[in-house]
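As provided, coords00.cif (mmCIF, C-alpha atoms) reads as follows.
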```cif
data_structure
#
loop_
_atom_site.label_atom_id
_atom_site.label_comp_id
_atom_site.auth_asym_id
_atom_site.auth_seq_id
_atom_site.Cartn_x
_atom_site.Cartn_y
_atom_site.Cartn_z
CA MET A 1 -34.70 -12.09 -19.40
CA ARG A 2 -32.83 -9.19 -17.81
CA PHE A 3 -29.07 -8.70 -17.88
CA HIS A 4 -26.73 -5.99 -16.68
CA ALA A 5 -25.09 -5.93 -20.08
CA ILE A 6 -24.85 -2.14 -20.34
CA PRO A 7 -22.31 -1.84 -17.47
CA VAL A 8 -20.14 -4.26 -19.42
CA ALA A 9 -19.36 -1.52 -21.90
CA SER A 10 -16.49 0.78 -21.15
CA PRO A 11 -17.11 4.51 -20.45
CA ALA A 12 -15.73 5.20 -23.91
CA SER A 13 -18.49 3.12 -25.45
CA VAL A 14 -21.05 5.13 -23.51
CA GLY A 15 -19.69 8.34 -24.91
CA ALA A 16 -19.70 6.89 -28.41
CA GLY A 17 -23.47 6.55 -28.39
CA LEU A 18 -23.57 2.81 -28.96
CA PHE A 19 -26.90 2.41 -27.23
CA PRO A 20 -29.72 4.60 -25.91
CA ILE A 21 -29.78 5.32 -22.18
CA LYS A 22 -32.99 5.87 -20.27
CA THR A 23 -32.74 8.67 -17.76
CA PRO A 24 -35.32 9.01 -14.94
CA ASN A 25 -37.17 11.92 -16.53
CA ALA A 26 -36.42 11.31 -20.19
CA GLN A 27 -39.07 10.23 -22.66
CA PRO A 28 -38.19 9.01 -25.23
CA PRO A 29 -34.69 7.55 -24.45
CA VAL A 30 -31.78 9.92 -24.89
CA HIS A 31 -28.72 8.79 -26.84
CA ALA A 32 -25.41 8.84 -25.02
CA GLU A 33 -23.69 11.38 -27.24
CA ARG A 34 -26.36 13.94 -26.26
CA LEU A 35 -25.77 13.58 -22.51
CA ALA A 36 -24.06 16.33 -20.55
CA PRO A 37 -20.56 15.53 -19.18
CA HIS A 38 -21.82 15.41 -15.58
CA MET A 39 -24.40 12.76 -16.59
CA LEU A 40 -21.72 10.65 -18.25
CA LYS A 41 -19.65 10.93 -15.07
CA GLU A 42 -22.62 9.78 -13.02
CA ILE A 43 -23.03 6.72 -15.28
CA GLU A 44 -19.33 5.88 -14.90
CA ASN A 45 -19.63 6.13 -11.11
CA THR A 46 -22.67 3.87 -11.15
CA VAL A 47 -20.81 1.26 -13.18
CA SER A 48 -17.86 1.44 -10.78
CA ALA A 49 -20.07 1.18 -7.70
CA SER A 50 -21.88 -1.86 -9.09
CA LYS A 51 -18.55 -3.70 -9.35
CA ASP A 52 -17.80 -2.96 -5.68
CA GLU A 53 -21.07 -4.45 -4.42
CA THR A 54 -20.99 -7.80 -2.70
CA ILE A 55 -22.95 -10.54 -4.41
CA TYR A 56 -25.61 -10.52 -1.70
CA GLU A 57 -25.98 -6.74 -1.87
CA HIS A 58 -26.45 -6.93 -5.60
CA MET A 59 -29.09 -9.64 -5.23
CA LEU A 60 -30.99 -7.59 -2.65
CA ALA A 61 -30.92 -4.63 -5.01
CA ARG A 62 -32.48 -6.87 -7.67
CA GLY A 63 -35.39 -7.74 -5.37
CA VAL A 64 -34.22 -11.15 -4.10
CA SER A 65 -35.44 -11.72 -0.54
CA ARG A 66 -33.27 -13.13 2.22
CA ARG A 67 -35.43 -16.24 2.22
CA ASP A 68 -34.97 -16.78 -1.52
CA PHE A 69 -31.23 -16.20 -1.16
CA LEU A 70 -30.91 -18.88 1.54
CA GLN A 71 -33.07 -21.29 -0.45
CA PHE A 72 -30.82 -20.75 -3.45
CA CYS A 73 -27.72 -21.46 -1.34
CA ALA A 74 -29.26 -24.67 0.02
CA TRP A 75 -30.40 -25.78 -3.44
CA MET A 76 -27.02 -25.05 -5.02
CA GLY A 77 -25.23 -26.77 -2.15
CA ALA A 78 -27.31 -29.89 -2.77
CA CYS A 79 -26.46 -29.81 -6.49
CA MET A 80 -22.77 -29.51 -5.62
CA GLY A 81 -22.93 -32.28 -3.01
CA LEU A 82 -21.84 -30.02 -0.14
CA GLU A 83 -22.41 -30.94 3.48
CA GLN A 84 -24.18 -28.51 5.80
CA SER A 85 -20.99 -26.71 6.83
CA GLY A 86 -20.15 -26.20 3.15
CA VAL A 87 -23.55 -24.62 2.49
CA ALA A 88 -22.98 -22.24 5.40
CA GLN A 89 -19.55 -21.35 4.01
CA MET A 90 -21.07 -20.72 0.60
CA THR A 91 -23.77 -18.48 2.09
CA GLN A 92 -21.19 -16.43 3.97
CA ALA A 93 -18.97 -16.10 0.91
CA LEU A 94 -21.81 -14.85 -1.30
CA GLU A 95 -22.74 -12.32 1.40
CA GLN A 96 -19.26 -10.88 1.74
CA LYS A 97 -17.32 -11.33 -1.51
CA LYS A 98 -17.18 -8.82 -4.31
CA ARG A 99 -18.40 -9.71 -7.75
CA LEU A 100 -15.88 -11.63 -9.83
CA PRO A 101 -14.67 -10.04 -13.10
CA VAL A 102 -15.40 -12.41 -15.98
CA VAL A 103 -14.35 -12.47 -19.62
CA TRP A 104 -16.49 -14.84 -21.72
CA LEU A 105 -15.06 -15.69 -25.14
CA HIS A 106 -16.73 -17.44 -28.08
CA PHE A 107 -14.80 -19.35 -30.71
CA GLN A 108 -15.91 -22.29 -32.92
CA GLU A 109 -19.28 -23.15 -31.39
CA CYS A 110 -23.05 -22.61 -31.68
CA THR A 111 -23.52 -20.63 -28.42
CA CYS A 112 -25.64 -23.45 -26.97
CA CYS A 113 -23.73 -23.24 -23.67
CA SER A 114 -24.74 -19.60 -23.20
CA GLU A 115 -28.27 -20.47 -24.29
CA SER A 116 -28.43 -23.26 -21.72
CA PHE A 117 -27.09 -21.04 -18.96
CA ILE A 118 -29.36 -18.05 -19.46
CA ARG A 119 -32.44 -20.23 -19.96
CA SER A 120 -32.20 -22.03 -16.65
CA SER A 121 -35.63 -22.42 -15.11
CA HIS A 122 -34.37 -21.47 -11.64
CA PRO A 123 -35.08 -17.74 -11.27
CA ILE A 124 -31.85 -16.91 -9.44
CA VAL A 125 -29.68 -18.82 -11.90
CA ALA A 126 -31.52 -17.43 -14.88
CA ASP A 127 -31.86 -13.83 -13.79
CA ILE A 128 -29.29 -13.22 -11.07
CA LEU A 129 -26.24 -15.43 -11.44
CA LEU A 130 -24.85 -13.51 -14.38
CA ASP A 131 -25.02 -10.49 -12.09
CA LYS A 132 -23.03 -12.31 -9.41
CA VAL A 133 -20.11 -12.00 -11.74
CA SER A 134 -19.16 -8.78 -13.44
CA LEU A 135 -19.49 -9.87 -17.05
CA ASP A 136 -16.97 -7.45 -18.48
CA TYR A 137 -16.76 -8.95 -21.96
CA SER A 138 -18.97 -11.32 -23.93
CA GLU A 139 -19.47 -11.20 -27.67
CA THR A 140 -22.99 -12.56 -27.24
CA LEU A 141 -24.38 -10.51 -24.36
CA MET A 142 -22.46 -7.24 -24.18
CA ALA A 143 -23.88 -3.98 -25.50
CA ALA A 144 -20.61 -2.60 -26.84
CA SER A 145 -19.19 -3.55 -30.22
CA GLY A 146 -16.20 -2.86 -32.43
CA HIS A 147 -13.36 -0.78 -30.97
CA GLN A 148 -15.35 -0.10 -27.78
CA ALA A 149 -15.77 -3.83 -27.15
CA GLU A 150 -12.06 -4.43 -27.69
CA LYS A 151 -11.25 -1.59 -25.27
CA SER A 152 -13.52 -3.14 -22.66
CA LEU A 153 -11.64 -6.43 -23.02
CA HIS A 154 -8.25 -4.74 -22.81
CA ASP A 155 -9.26 -2.64 -19.79
CA THR A 156 -10.53 -5.71 -17.93
CA ILE A 157 -7.48 -7.91 -18.40
CA THR A 158 -5.22 -4.96 -17.51
CA LYS A 159 -7.08 -3.63 -14.47
CA TYR A 160 -7.90 -7.05 -13.00
CA LYS A 161 -4.66 -8.80 -13.89
CA GLY A 162 -4.55 -12.17 -12.15
CA GLU A 163 -8.06 -11.67 -10.72
CA TYR A 164 -10.48 -12.24 -13.58
CA LEU A 165 -12.08 -15.51 -14.60
CA LEU A 166 -11.84 -16.56 -18.24
CA CYS A 167 -14.76 -18.56 -19.66
CA ILE A 168 -14.44 -19.99 -23.17
CA GLU A 169 -17.05 -21.53 -25.45
CA GLY A 170 -15.83 -23.23 -28.58
CA SER A 171 -12.77 -24.93 -29.98
CA VAL A 172 -9.72 -23.19 -31.39
CA PRO A 173 -8.87 -23.82 -35.08
CA THR A 174 -5.15 -24.20 -35.71
CA ALA A 175 -5.09 -25.10 -39.42
CA GLU A 176 -3.98 -22.43 -41.91
CA ASP A 177 -2.59 -20.32 -39.05
CA GLY A 178 -6.01 -20.18 -37.40
CA VAL A 179 -7.76 -18.15 -40.11
CA TYR A 180 -11.01 -20.09 -39.69
CA CYS A 181 -11.95 -18.08 -36.59
CA CYS A 182 -10.88 -14.44 -36.29
CA ILE A 183 -12.28 -11.67 -34.10
CA GLY A 184 -11.10 -8.08 -34.27
CA GLY A 185 -8.26 -8.99 -36.61
CA LYS A 186 -6.85 -11.66 -34.30
CA THR A 187 -7.15 -15.44 -34.49
CA ALA A 188 -8.92 -17.39 -31.76
CA LYS A 189 -5.57 -18.84 -30.71
CA GLN A 190 -4.01 -15.38 -30.34
CA ILE A 191 -6.98 -14.12 -28.31
CA ALA A 192 -7.02 -17.19 -26.06
CA GLU A 193 -3.30 -16.89 -25.34
CA GLU A 194 -3.49 -13.15 -24.74
CA VAL A 195 -6.52 -13.22 -22.44
CA GLY A 196 -5.58 -16.49 -20.74
CA ARG A 197 -2.11 -15.31 -19.81
CA ASP A 198 -3.21 -13.38 -16.70
CA ALA A 199 -6.51 -15.16 -15.91
CA LYS A 200 -7.06 -16.46 -12.40
CA ALA A 201 -8.64 -19.64 -13.78
CA ILE A 202 -10.17 -20.86 -17.02
CA ILE A 203 -13.51 -22.58 -17.55
CA ALA A 204 -14.00 -24.47 -20.80
CA TRP A 205 -17.76 -24.55 -21.41
CA GLY A 206 -19.15 -27.50 -23.33
CA ASN A 207 -17.77 -30.26 -25.50
CA CYS A 208 -16.43 -27.82 -28.13
CA ALA A 209 -14.05 -26.15 -25.67
CA CYS A 210 -13.31 -29.36 -23.76
CA SER A 211 -12.64 -31.77 -26.62
CA GLY A 212 -13.48 -30.17 -29.96
CA CYS A 213 -17.02 -31.56 -30.46
CA VAL A 214 -18.45 -31.59 -33.98
CA GLN A 215 -15.79 -29.21 -35.32
CA ALA A 216 -13.14 -31.79 -34.44
CA ALA A 217 -15.10 -34.70 -35.94
CA LYS A 218 -13.36 -36.49 -38.79
CA PRO A 219 -11.85 -35.20 -40.99
CA ASN A 220 -11.54 -32.10 -38.74
CA PRO A 221 -10.82 -29.67 -41.61
CA THR A 222 -9.99 -26.70 -39.34
CA SER A 223 -7.85 -28.73 -36.91
CA ALA A 224 -10.26 -27.76 -34.13
CA THR A 225 -8.39 -28.02 -30.84
CA PRO A 226 -9.71 -28.04 -27.23
CA ILE A 227 -8.68 -25.29 -24.85
CA ASN A 228 -6.53 -27.51 -22.63
CA LYS A 229 -4.28 -28.21 -25.64
CA VAL A 230 -3.92 -24.54 -26.49
CA LEU A 231 -3.36 -23.00 -23.05
CA ALA A 232 -1.01 -24.27 -20.35
CA GLY A 233 0.11 -23.17 -16.93
CA LYS A 234 -3.38 -22.22 -15.74
CA PRO A 235 -6.03 -24.25 -13.90
CA ILE A 236 -8.63 -25.32 -16.48
CA ILE A 237 -12.06 -26.68 -15.56
CA ASN A 238 -13.76 -28.73 -18.27
CA VAL A 239 -17.55 -28.43 -17.95
CA GLN A 240 -18.57 -31.07 -20.47
CA GLY A 241 -21.82 -31.51 -22.38
CA CYS A 242 -23.43 -30.33 -25.58
CA PRO A 243 -24.54 -28.18 -23.91
CA PRO A 244 -23.80 -28.55 -20.18
CA ILE A 245 -26.73 -28.43 -17.75
CA ALA A 246 -27.34 -24.83 -16.62
CA GLU A 247 -27.28 -25.75 -12.93
CA VAL A 248 -23.94 -27.51 -13.41
CA MET A 249 -22.51 -24.36 -14.97
CA ALA A 250 -23.91 -22.31 -12.09
CA GLY A 251 -22.48 -24.74 -9.54
CA VAL A 252 -18.96 -24.38 -10.95
CA LEU A 253 -19.16 -20.59 -10.79
CA VAL A 254 -20.57 -20.63 -7.26
CA HIS A 255 -17.81 -23.02 -6.14
CA LEU A 256 -15.15 -20.63 -7.44
CA LEU A 257 -16.88 -17.69 -5.76
CA THR A 258 -17.29 -19.55 -2.47
CA PHE A 259 -14.03 -21.40 -1.94
CA ASP A 260 -11.72 -19.28 -4.12
CA ARG A 261 -10.27 -22.42 -5.69
CA ILE A 262 -11.19 -24.82 -8.46
CA PRO A 263 -13.37 -27.82 -7.55
CA GLN A 264 -12.01 -31.35 -7.35
CA LEU A 265 -11.57 -32.64 -10.90
CA ASP A 266 -11.50 -36.08 -12.50
CA ALA A 267 -8.83 -37.35 -14.89
CA LEU A 268 -10.43 -35.40 -17.75
CA GLY A 269 -10.54 -32.13 -15.81
CA ARG A 270 -14.29 -32.30 -15.09
CA PRO A 271 -15.75 -31.37 -11.66
CA LYS A 272 -16.31 -34.60 -9.74
CA ALA A 273 -19.39 -33.15 -8.07
CA PHE A 274 -21.21 -33.45 -11.40
CA TYR A 275 -19.23 -35.97 -13.46
CA SER A 276 -18.35 -38.75 -11.02
CA ARG A 277 -21.22 -41.10 -11.93
CA ARG A 278 -22.38 -42.60 -15.18
CA VAL A 279 -25.76 -41.70 -16.62
CA HIS A 280 -26.37 -45.46 -16.54
CA ASP A 281 -25.94 -45.56 -12.75
CA THR A 282 -28.61 -42.94 -12.07
CA CYS A 283 -31.03 -43.88 -14.87
CA TYR A 284 -34.55 -44.83 -13.83
CA ARG A 285 -34.53 -47.46 -16.62
CA ARG A 286 -31.57 -49.27 -15.09
CA PRO A 287 -33.76 -52.04 -13.52
CA ASN A 288 -34.97 -52.92 -17.03
CA TYR A 289 -31.35 -53.25 -18.14
CA ASP A 290 -30.59 -55.58 -15.25
CA ALA A 291 -33.66 -57.66 -16.09
CA GLY A 292 -32.70 -57.88 -19.76
CA LEU A 293 -35.69 -55.86 -20.95
CA PHE A 294 -34.61 -53.83 -23.98
CA VAL A 295 -36.17 -51.66 -26.66
CA GLU A 296 -35.50 -53.23 -30.06
CA THR A 297 -36.87 -50.37 -32.18
CA PHE A 298 -38.18 -46.97 -31.20
CA ASP A 299 -41.73 -47.86 -32.25
CA ASP A 300 -42.08 -51.26 -30.63
CA GLU A 301 -44.12 -52.27 -27.59
CA ASN A 302 -41.01 -52.32 -25.39
CA ALA A 303 -40.42 -48.64 -26.18
CA ARG A 304 -43.96 -47.83 -25.09
CA LYS A 305 -43.35 -49.73 -21.86
CA GLY A 306 -40.25 -47.66 -21.13
CA TYR A 307 -37.70 -50.45 -21.33
CA CYS A 308 -33.94 -49.88 -21.53
CA LEU A 309 -32.65 -48.08 -24.64
CA TYR A 310 -29.23 -49.71 -24.57
CA LYS A 311 -29.73 -51.84 -27.70
CA VAL A 312 -30.83 -48.85 -29.78
CA GLY A 313 -27.62 -46.96 -29.10
CA CYS A 314 -27.91 -45.45 -25.61
CA ARG A 315 -24.43 -44.57 -24.36
CA GLY A 316 -25.38 -44.12 -20.73
CA PRO A 317 -23.08 -46.97 -19.61
CA SER A 318 -19.99 -45.06 -20.79
CA THR A 319 -21.08 -41.45 -20.17
CA TYR A 320 -20.36 -39.49 -17.01
CA ASN A 321 -22.82 -36.67 -16.35
CA ALA A 322 -25.52 -35.48 -13.94
CA CYS A 323 -28.42 -35.77 -16.40
CA GLY A 324 -30.17 -38.48 -14.39
CA THR A 325 -30.01 -36.55 -11.12
CA ILE A 326 -30.18 -32.80 -11.84
CA ARG A 327 -31.95 -33.27 -15.19
CA TRP A 328 -33.13 -30.44 -17.46
CA ASN A 329 -35.94 -27.89 -17.56
CA GLY A 330 -36.14 -27.44 -13.82
CA GLY A 331 -35.51 -31.11 -13.05
CA ILE A 332 -38.48 -32.23 -15.15
CA SER A 333 -36.81 -34.52 -17.65
CA PHE A 334 -33.70 -35.59 -19.56
CA PRO A 335 -33.21 -37.25 -22.98
CA ILE A 336 -33.65 -40.84 -21.78
CA GLN A 337 -36.84 -39.93 -19.95
CA ALA A 338 -38.10 -38.35 -23.17
CA GLY A 339 -37.53 -41.66 -24.97
CA HIS A 340 -34.20 -41.01 -26.66
CA GLY A 341 -30.96 -42.72 -25.72
CA CYS A 342 -27.97 -40.83 -24.34
CA ILE A 343 -25.57 -39.84 -27.14
CA GLY A 344 -22.60 -39.41 -24.78
CA CYS A 345 -22.19 -35.67 -25.36
CA SER A 346 -20.09 -35.17 -22.23
CA GLU A 347 -17.40 -37.53 -23.48
CA ALA A 348 -14.54 -36.78 -25.86
CA ASN A 349 -14.96 -37.61 -29.56
CA PHE A 350 -18.59 -38.61 -29.14
CA TRP A 351 -19.30 -37.63 -32.77
CA ASP A 352 -16.82 -40.25 -33.98
CA ASN A 353 -17.78 -43.05 -31.60
CA GLY A 354 -20.00 -44.76 -34.15
CA PRO A 355 -23.67 -44.38 -35.17
CA PHE A 356 -25.90 -42.89 -32.47
CA TYR A 357 -28.60 -45.52 -33.01
CA GLN A 358 -26.41 -48.60 -33.12
CA ARG A 359 -25.43 -50.48 -30.01
CA LEU A 360 -21.64 -50.29 -29.70
CA PRO A 361 -19.57 -53.32 -28.67
CA ASN A 362 -16.69 -51.49 -27.00
CA PHE A 363 -18.42 -50.12 -23.90
CA PRO A 364 -16.73 -51.56 -20.80
CA GLY A 365 -19.06 -53.38 -18.43
CA PHE A 366 -18.78 -54.14 -14.75
CA GLY A 367 -20.38 -56.84 -12.64
CA ILE A 368 -23.91 -57.65 -13.72
CA GLU A 369 -23.43 -55.69 -16.95
CA ALA A 370 -20.66 -57.95 -18.21
CA THR A 371 -22.95 -60.43 -19.97
CA ALA A 372 -24.74 -57.82 -22.09
CA ASP A 373 -21.69 -55.66 -22.63
CA GLN A 374 -19.73 -58.54 -24.17
CA ILE A 375 -22.28 -58.91 -26.98
CA GLY A 376 -20.27 -57.48 -29.87
CA LEU A 377 -21.26 -56.63 -33.38
CA ALA A 378 -19.51 -59.81 -34.56
CA ALA A 379 -21.94 -61.83 -32.47
CA VAL A 380 -25.15 -60.38 -33.83
CA GLY A 381 -26.59 -63.85 -34.42
CA ALA A 382 -26.10 -64.69 -30.73
CA ALA A 383 -27.32 -61.35 -29.40
CA ALA A 384 -30.85 -62.50 -28.66
CA ALA A 385 -29.58 -65.59 -26.87
CA GLY A 386 -27.07 -63.53 -24.90
CA VAL A 387 -29.70 -61.07 -23.74
CA GLY A 388 -31.98 -63.98 -22.81
CA ILE A 389 -29.23 -65.65 -20.80
CA HIS A 390 -28.47 -62.34 -19.11
CA ALA A 391 -32.12 -61.99 -18.08
CA LEU A 392 -32.35 -65.65 -16.99
CA MET A 393 -29.20 -65.57 -14.88
CA THR A 394 -30.25 -62.28 -13.32
CA ASN A 395 -33.61 -63.69 -12.28
CA VAL A 396 -32.08 -66.95 -11.00
CA ARG A 397 -29.69 -64.94 -8.85
CA LYS A 398 -32.47 -62.70 -7.58
CA ARG A 399 -34.67 -65.72 -6.79
CA HIS A 400 -31.84 -67.24 -4.79
CA GLU A 401 -31.40 -63.99 -2.84
CA ILE A 402 -35.13 -63.51 -2.21
CA GLY A 403 -35.96 -67.13 -1.37
CA GLU A 404 -39.03 -69.28 -2.01
CA HIS A 405 -42.50 -67.78 -1.70
CA PRO A 406 -45.48 -69.73 -0.24
CA GLY A 407 -46.99 -72.05 -2.86
CA GLU A 408 -43.81 -72.20 -4.92
CA GLN A 409 -41.77 -75.37 -5.34
CA GLU A 410 -38.03 -75.62 -5.38
CA PRO A 411 -36.78 -76.63 -8.84
CA THR A 412 -35.99 -80.33 -9.17
CA THR A 413 -32.30 -81.02 -9.67
CA HIS A 414 -30.56 -83.94 -11.35
CA ASP A 415 -29.45 -85.24 -7.96
CA ASP A 416 -33.05 -85.18 -6.71
CA LYS A 417 -34.10 -87.39 -9.65
CA LYS A 418 -31.37 -89.92 -8.90
CA SER A 419 -32.42 -90.18 -5.28
#
```

Using structure tokens, write down the structure from this file.
Amino acid sequence: MRFHAIPVASPASVGAGLFPIKTPNAQPPVHAERLAPHMLKEIENTVSASKDETIYEHMLARGVSRRDFLQFCAWMGACMGLEQSGVAQMTQALEQKKRLPVVWLHFQECTCCSESFIRSSHPIVADILLDKVSLDYSETLMAASGHQAEKSLHDTITKYKGEYLLCIEGSVPTAEDGVYCCIGGKTAKQIAEEVGRDAKAIIAWGNCACSGCVQAAKPNPTSATPINKVLAGKPIINVQGCPPIAEVMAGVLVHLLTFDRIPQLDALGRPKAFYSRRVHDTCYRRPNYDAGLFVETFDDENARKGYCLYKVGCRGPSTYNACGTIRWNGGISFPIQAGHGCIGCSEANFWDNGPFYQRLPNFPGFGIEATADQIGLAAVGAAAAGVGIHALMTNVRKRHEIGEHPGEQEPTTHDDKKS
């Protein structure tokens, strides 16, 4: 994996000799403190010039062909649900716009969002998209550290006031004055408020930043708090999931780059392009649900047949995400396809919504789902009968819609017997 992490560091960090720099004719690498002043100046100019490149120019310099660029635009447009005119607008924007300054902060989290993003199987997302933005500060990916890293952060939010994008992974602890997460002598809350004050927009990556995730699970000892409850007065995009799908993360960034505004959001601040449908609605096992064919245990015959995982805890009916459409690992699979039920990781408080492997009674159902969804834990004894009735009624309805096949007889009714 290749990243332009070295330009993230400030010129001061270059002079401090934080990392070796390879010069065209130098073997082995020469450390920065040994470079002549004119060479340091040349490095600074290179860093500055790279920020002034358009996104398309930068991609060409990285060896991306025009054909690959257009294919990426079409693919990303499809992921975002754009019509043809929107794809054309996105292509034009990426060709002409300068790279967007980005500050990427990490608080209480496991860095799985960054891991998901940089491990995308799509070559342009994985190897190029981070270069479409000028990643000026990231505790995980930047080369600088210590005072030089803090200077890079300060320089970015000062020079690009009102222009930079703030990305945040992790929740903010507020208990004990926020001492549970400190960076550079400041609490996470202080850093978030300072950096968020002049940000153009804020992206909360993952369930930790959006709703607290496992850190906020009961009893929540650090008082882990989501970003939207810490910062106000700025547009905040909640990109939910634990972690979010890499292509979803890329789509949000590309939307901001293309249209210079935040995407349309749902009531929870999530982009509707990716969070408008339930996992249940796009699941390939949905026909088994409708037919009342359920897995009872993970090692039974129904599991081997690929029946619905609803009764062993799948939360697809109450979870909004694009797992069933975009999927993971290059569109190859997603948890349900691998044989494990959805745990609802793109919904708030999913850690406290009951056992992962126990069917919950409080999922709202609609239409054909109502029969199965009304089977509560208090009605365990009637569960089998309820599922059977659900399957029977479904098949009776379908038979009525399809009609009689040759050789079949209409069922005899009570009135027929009387006549």

| field | Pick from A:Glu176, A:Asp281, A:Ile203, A:Gly341 nearest to A:Ala250, counting only C-alpha atoms | value | A:Ile203

| request: Pick out the residues sitting within 7 Å of stretch 106-113 of chain A, and hand them over as a list in words; count all atoms listed in the file, and ignore anything fewer than 4 positions along from it in its own chain. | output: Phe117, Glu139, Ile168, Glu169, Gly170, Ser171, Val172, Cys181, Ala188, Trp205, Gly206, Cys208, Pro243 and Pro244 of chain A

Around the point (-9.4, -31.2, -12.3) (coordinates from the file), which residues reach within 12 Å if we count all atoms listed in the file? Answer as an mmCIF file with C-alpha atoms, in the coordinates of the input.
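And here is the file that came out, point-v5.cif:
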```cif
data_model
loop_
_atom_site.group_PDB
_atom_site.id
_atom_site.type_symbol
_atom_site.label_atom_id
_atom_site.label_comp_id
_atom_site.auth_asym_id
_atom_site.auth_seq_id
_atom_site.Cartn_x
_atom_site.Cartn_y
_atom_site.Cartn_z
ATOM 1 C CA ALA A 201 -8.640 -19.640 -13.780
ATOM 2 C CA ILE A 202 -10.170 -20.860 -17.020
ATOM 3 C CA ILE A 203 -13.510 -22.580 -17.550
ATOM 4 C CA ALA A 204 -14.000 -24.470 -20.800
ATOM 5 C CA ASN A 228 -6.530 -27.510 -22.630
ATOM 6 C CA LYS A 234 -3.380 -22.220 -15.740
ATOM 7 C CA PRO A 235 -6.030 -24.250 -13.900
ATOM 8 C CA ILE A 236 -8.630 -25.320 -16.480
ATOM 9 C CA ILE A 237 -12.060 -26.680 -15.560
ATOM 10 C CA ASN A 238 -13.760 -28.730 -18.270
ATOM 11 C CA VAL A 239 -17.550 -28.430 -17.950
ATOM 12 C CA VAL A 252 -18.960 -24.380 -10.950
ATOM 13 C CA ARG A 261 -10.270 -22.420 -5.690
ATOM 14 C CA ILE A 262 -11.190 -24.820 -8.460
ATOM 15 C CA PRO A 263 -13.370 -27.820 -7.550
ATOM 16 C CA GLN A 264 -12.010 -31.350 -7.350
ATOM 17 C CA LEU A 265 -11.570 -32.640 -10.900
ATOM 18 C CA ASP A 266 -11.500 -36.080 -12.500
ATOM 19 C CA ALA A 267 -8.830 -37.350 -14.890
ATOM 20 C CA LEU A 268 -10.430 -35.400 -17.750
ATOM 21 C CA GLY A 269 -10.540 -32.130 -15.810
ATOM 22 C CA ARG A 270 -14.290 -32.300 -15.090
ATOM 23 C CA PRO A 271 -15.750 -31.370 -11.660
ATOM 24 C CA LYS A 272 -16.310 -34.600 -9.740
ATOM 25 C CA ALA A 273 -19.390 -33.150 -8.070
ATOM 26 C CA TYR A 275 -19.230 -35.970 -13.460
ATOM 27 C CA SER A 276 -18.350 -38.750 -11.020
#
```

| Reference answer for the PyMOL selection byres ((chain A and resi 314) around 10), as a list in words | Val279, His280, Cys308, Leu309, Tyr310, Lys311, Val312, Gly313, Arg315, Gly316, Pro317, Ser318, Thr319, Ile336, His340, Gly341, Cys342, Ile343, Gly344, Phe356, Tyr357, Gln358, Arg359 and Leu360 of chain A

Filtering to C-alpha atoms, could you give me those residues as a compact mmCIF listing (two decimals), in the frame of the given file?
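Contents of the output file part_36.txt:
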```txt
# COMPACT_ATOMS: atom_id res chain seq x y z
CA VAL A 279 -25.76 -41.70 -16.62
CA HIS A 280 -26.37 -45.46 -16.54
CA CYS A 308 -33.94 -49.88 -21.53
CA LEU A 309 -32.65 -48.08 -24.64
CA TYR A 310 -29.23 -49.71 -24.57
CA LYS A 311 -29.73 -51.84 -27.70
CA VAL A 312 -30.83 -48.85 -29.78
CA GLY A 313 -27.62 -46.96 -29.10
CA ARG A 315 -24.43 -44.57 -24.36
CA GLY A 316 -25.38 -44.12 -20.73
CA PRO A 317 -23.08 -46.97 -19.61
CA SER A 318 -19.99 -45.06 -20.79
CA THR A 319 -21.08 -41.45 -20.17
CA ILE A 336 -33.65 -40.84 -21.78
CA HIS A 340 -34.20 -41.01 -26.66
CA GLY A 341 -30.96 -42.72 -25.72
CA CYS A 342 -27.97 -40.83 -24.34
CA ILE A 343 -25.57 -39.84 -27.14
CA GLY A 344 -22.60 -39.41 -24.78
CA PHE A 356 -25.90 -42.89 -32.47
CA TYR A 357 -28.60 -45.52 -33.01
CA GLN A 358 -26.41 -48.60 -33.12
CA ARG A 359 -25.43 -50.48 -30.01
CA LEU A 360 -21.64 -50.29 -29.70
```

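The smallest atom-to-atom distance between A:Gly233 and any of A:Arg119, A:Ile332, A:Cys283, A:Asp198, using only C-alpha atoms, is found for A:Asp198.
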
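Note that the spacing between atom CA of A:Glu247 and atom CA of A:Ala192 amounts to 25.6 Å.
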
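Atom CA of A:Phe298 to atom CA of A:Gly330 spans 26.2 Å [interatomic distance, one decimal].
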
| message | So that I can check the surroundings of A:Ala338, please list as a PyMOL selection string every protein, DNA and RNA residue that reaches within 12 Å of it, counting all atoms listed in the file and ignoring chain neighbours fewer than 6 positions away. | response | chain A and resi 284-285+298+303-304+306+309+324+327-328+332

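Going from atom CA of A:Glu163 to atom CA of A:Leu105 covers 16.5 Å.
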
Excluding A:Glu347 and its own-chain neighbours fewer than 3 positions away, which residues fall within 8 Å of it when counting all atoms listed in the file? Please give them as a PDB file with C-alpha atoms, in the frame of the given file.
```pdb
ATOM      1  CA  ASN A 207     -17.770 -30.260 -25.500  1.00  0.00           C
ATOM      2  CA  GLN A 240     -18.570 -31.070 -20.470  1.00  0.00           C
ATOM      3  CA  GLY A 241     -21.820 -31.510 -22.380  1.00  0.00           C
ATOM      4  CA  THR A 319     -21.080 -41.450 -20.170  1.00  0.00           C
ATOM      5  CA  TYR A 320     -20.360 -39.490 -17.010  1.00  0.00           C
ATOM      6  CA  GLY A 344     -22.600 -39.410 -24.780  1.00  0.00           C
ATOM      7  CA  PHE A 350     -18.590 -38.610 -29.140  1.00  0.00           C
TER       8      PHE A 350
END
```
